[in-house]
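Okay, so here's the structure we're looking at.
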Amino acid sequence: MKQHELSTLFEQIANLLEYQGENVFRIRAYRRAAETLATFSGDLDHLATAGRLRELSGIGADLAQKIEEYLTTGQLDAFERLRKTVPSGVLEFLEVPGVGPKLAKVFVDRLKLKTVADLEQAARDGRLRALPGFGGKKEENILKAIGLMKQGRERMTLNVALSLAQQFLTRLREVPGVLNVSTAGSLRRMKETIGDLDLLVAARRPGPVMEAFQRSPWTGRVLAAGMTKASILTTRGLQVDLRVVKPASFGAALQYFTGSKEHNVVLRELAVRKGLKVNEYGVFRVSDRHRLAGTEEADVYRALGLAWIPPELRENNGELEAAKVGRLPTLVEAKDIRGDFHIHTNWSDGADKLEVIVQAGKDRGYEYIAICDHSQSLRIARGMSIERIREQMGILRALNARLTGYQVLLGAEVDILADGSMDYPDEVLADLDFVVGSIHSGFKQSESAITNRILRAIRNPYVTLIAHPTGRLIGEREPYQVNLEAVFQAAKETNTVLEINACPKRLDLCDTAARRAQELGVMLAISTDTHRLTHLDHMAVGLGIARRAWVEPRQLLNCLTRHELLAWIARKRTTLAGHAAPRRVGSRRR
DNA sequence: GCCGTTTTCGGCCCGACTGTTTTCAGTCG
């Protein structure tokens with residue numbers, strides 16, 4: 001958590017320095033450090049204690065010292081001093097799209113404005129157009145930008161972005177002369193939420209493509225449009241950016257517009273050192289401007305002596321170094337996924353019948369799914385009594401007897417109660433094949449209470465997997481206080497699986513936490529937490545997060561064959577069950 | 001402010017679009 005506060009602080013310092021007209025490279029250094037901290041997956045306190053902060057990219061002696069200062073005192077002297085020298089309101093102005101440090105300075109110096117509300121009033125009064133370099137149009141745009149800001153344009157969840165992108169790409173693909181289309185930007189990198197949707201098209205003539213884009217049925221308002229680049233707001237207020245390039249530049253443009261910005265900056269610096277120049281049109285030799293690559297994205301990387309880097313890794317978090325020495329991970333792919341866990345039916349709060357879900361899993365080509373309806377104390381979700389779950393088990397056993405090459409695991413999503421005990425007694429858990437442990441209550445407990453609660457569940461031999469380990473809901477609920485390092489350690493020791501919950505509102509573990517768990521050798525699982533049939537599709541979203549976490553097939557429970565999976569579950573039970581005789585898992589009792 | 005198989009000093013990524021500008025600055029991604 002501390003790294004996010006520090007990241008914001010560094011970003012604000014950069015803004016303030018920019019306002020003061022400081023050295024641009026010094027400003028950039030703060031921005032780069034902010035980005036490093038925002039995506040850092042490890043334990044910052046631990047790193048600081050070990051005196052290893054300077055191992056982070058973009059962190060040198062000075063910034064390391066500032067990080068230590070913040071970790072010990074909870075504030076940053078340099079920031080406090082800087083803030084006093086800059087008029088209040090500046091940071092607020094910089095939040096307005098289209099307003100940078102230069103304009104902010106004019107607003108403060110010439111018009112004595114202090115807040116965005118002042119700015120809005122000044123624009124309405126027509127006072128802005130009197131400023132040098134200002135006209136009516138600029139004034140109008142500022143008012144529009146403030147209006148948009150007030151609406152608080154929300155970021156899209158991944159599933160919304162994916163389907164919106166699909167709609168646009170299908171339309172653009174049909175335009176005559178279009179040779180290639182792709183998503184780019186943060187959607188292609190599968191970031192957990194998407195601000196603007198970026199689309200890229202290869203065509204010989206950009207005109208018809210731009211036209212089709214601006215006149216699409218989903219286009220609400222055109223924000224900007226040039227010959228090859230346009231931005232629109234959809235009728236639902238989501239921003240979509242389109243760029244059209246010549247076919248010969250498609251690979252270079254794809255690389256360029258996929259980002260991340262930090263990844264690209266480092267890539268282009270690498271190019272400069274090799275006497276090359278990278279832009280959205282290709283890779284060029286500086287000496288004679290000869291073009292070395294551009295049509296295919298992989299060629300761009302190859303020209304720089306790098307292996308092609310999967311988009312999900314492009315965050316300047318070690319992927320460039322790995323690509324240089326051929327040590328990129330073999331990321332998990334859709335074809336590696338053999339099953340899904342944590343699926344609800346109308347036996348608790350799901351919408352669909354058991355039989356329908358079971359068939360849907362088979363239709364997707366899965367080898368197994370685990371039916372995991374809620375346990376008794378979660379009344380709001382129609383949690384099942386012990387009698388009910390035993391009844392469900394009977395039905396599933398009968399179903400299984402008729403299936404070949406596909407197995408439905410008898411499971412349950414069992415509440416971890418306030419004291420860390422499970423919501424069903426062990427003799428019920430022992431009869432289940434797959435036990436998901438979850439926290440659905442007591443979110444406000446202290447960090448030690450919640451952590452101990454989860455640790456106790458992890459040490460229960462029958463608990464297979466801990467679901468949504470931090471309990472957050474994106475944009476709605478903060479994660480509860482939990483010591484993830486301790487959870488990872490215990491999970492590793494006990495062969496307990498941690499979930500990457502693929503529900504687009506959850507994504508829990510998140511990418512950085514999952515990467516940390518993966519580094520420590522914890523077994524992970526992607527589960528869709530399906531509550532209706534269409535949610536099974538969220539597997540694609542979970543895959544994106546797993547890939548961002550550098551997860552390989554061998555680290556993912558979903559990639560085990562059915563027999564390997566059953567063996568894995570049994571292993572934990574035999575390791576932890578002590579003197580109790582281990583039960584066979586997945587056996588078809590009568 | 002960071003960083004180094006060209007450098008511990010002197011570099012530090014690149015181009016489109018907008019509005020207002022007769023040649024470009026500011027902002028953005």
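So you can find residues: chains in the structure tokens are A, B, ... in the order shown, residues in each start at 1, and ligands are numbered from 1 in order.
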With 6 Å as the limit and counting only C-alpha atoms (C1' of nucleotides), what residues in chain A lie close to chain B? Please list them as a list in words.
Arg26, Ala29, Gly98, Val265 and Arg268 of chain A
Find the spatial neighbours of range 6-8 of chain A, counting only C-alpha atoms (C1' of nucleotides), within a cut-off of 6 Å - ignore same-chain residues fewer than 4 positions away - and output them as a PyMOL selection string. chain A and resi 34+37-38
For this session: Would you return as a PyMOL selection string the members of range 164-256 of chain A that DSSP assigns to strand (DSSP E or B) on this structure's backbone?
Result: chain A and resi 178-184+193-194+197-203+219-225+229-234+239-245
Just C-alpha atoms for this one: save the residues we selected as a PDB file, in the first residue's frame.
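The resulting result.pdb:
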ATOM      1  CA  VAL A 178      -8.584  -2.565 -44.464  1.00  0.00           C
ATOM      2  CA  LEU A 179      -5.868  -5.175 -44.155  1.00  0.00           C
ATOM      3  CA  ASN A 180      -5.424  -5.572 -40.439  1.00  0.00           C
ATOM      4  CA  VAL A 181      -7.026  -4.483 -37.165  1.00  0.00           C
ATOM      5  CA  SER A 182      -5.995  -4.851 -33.542  1.00  0.00           C
ATOM      6  CA  THR A 183      -6.530  -3.521 -30.084  1.00  0.00           C
ATOM      7  CA  ALA A 184      -3.553  -1.674 -28.649  1.00  0.00           C
ATOM      8  CA  THR A 193      -9.227  -1.401 -15.878  1.00  0.00           C
ATOM      9  CA  ILE A 194      -9.126   0.559 -19.120  1.00  0.00           C
ATOM     10  CA  LEU A 197      -9.773   2.085 -25.649  1.00  0.00           C
ATOM     11  CA  ASP A 198      -7.003   2.120 -28.288  1.00  0.00           C
ATOM     12  CA  LEU A 199      -7.583   0.640 -31.724  1.00  0.00           C
ATOM     13  CA  LEU A 200      -5.193   0.266 -34.622  1.00  0.00           C
ATOM     14  CA  VAL A 201      -6.002  -0.326 -38.284  1.00  0.00           C
ATOM     15  CA  ALA A 202      -3.774  -0.978 -41.294  1.00  0.00           C
ATOM     16  CA  ALA A 203      -5.167   0.398 -44.538  1.00  0.00           C
ATOM     17  CA  THR A 219     -20.164   6.989 -31.533  1.00  0.00           C
ATOM     18  CA  GLY A 220     -21.625   9.727 -29.385  1.00  0.00           C
ATOM     19  CA  ARG A 221     -19.311  12.656 -29.849  1.00  0.00           C
ATOM     20  CA  VAL A 222     -16.121  13.214 -31.840  1.00  0.00           C
ATOM     21  CA  LEU A 223     -13.485  14.711 -29.566  1.00  0.00           C
ATOM     22  CA  ALA A 224     -10.732  15.143 -32.147  1.00  0.00           C
ATOM     23  CA  ALA A 225     -10.122  13.970 -35.688  1.00  0.00           C
ATOM     24  CA  LYS A 229      -5.994   9.723 -35.773  1.00  0.00           C
ATOM     25  CA  ALA A 230      -9.310  10.299 -34.056  1.00  0.00           C
ATOM     26  CA  SER A 231     -10.863  10.168 -30.592  1.00  0.00           C
ATOM     27  CA  ILE A 232     -14.535   9.738 -29.870  1.00  0.00           C
ATOM     28  CA  LEU A 233     -16.794   9.300 -26.877  1.00  0.00           C
ATOM     29  CA  THR A 234     -19.261   6.448 -27.209  1.00  0.00           C
ATOM     30  CA  GLN A 239     -13.399   7.185 -24.931  1.00  0.00           C
ATOM     31  CA  VAL A 240     -12.101   5.285 -27.947  1.00  0.00           C
ATOM     32  CA  ASP A 241      -8.968   6.301 -29.870  1.00  0.00           C
ATOM     33  CA  LEU A 242      -8.251   5.110 -33.388  1.00  0.00           C
ATOM     34  CA  ARG A 243      -5.071   5.270 -35.399  1.00  0.00           C
ATOM     35  CA  VAL A 244      -4.784   4.264 -39.053  1.00  0.00           C
ATOM     36  CA  VAL A 245      -1.385   3.366 -40.515  1.00  0.00           C
TER      37      VAL A 245
END
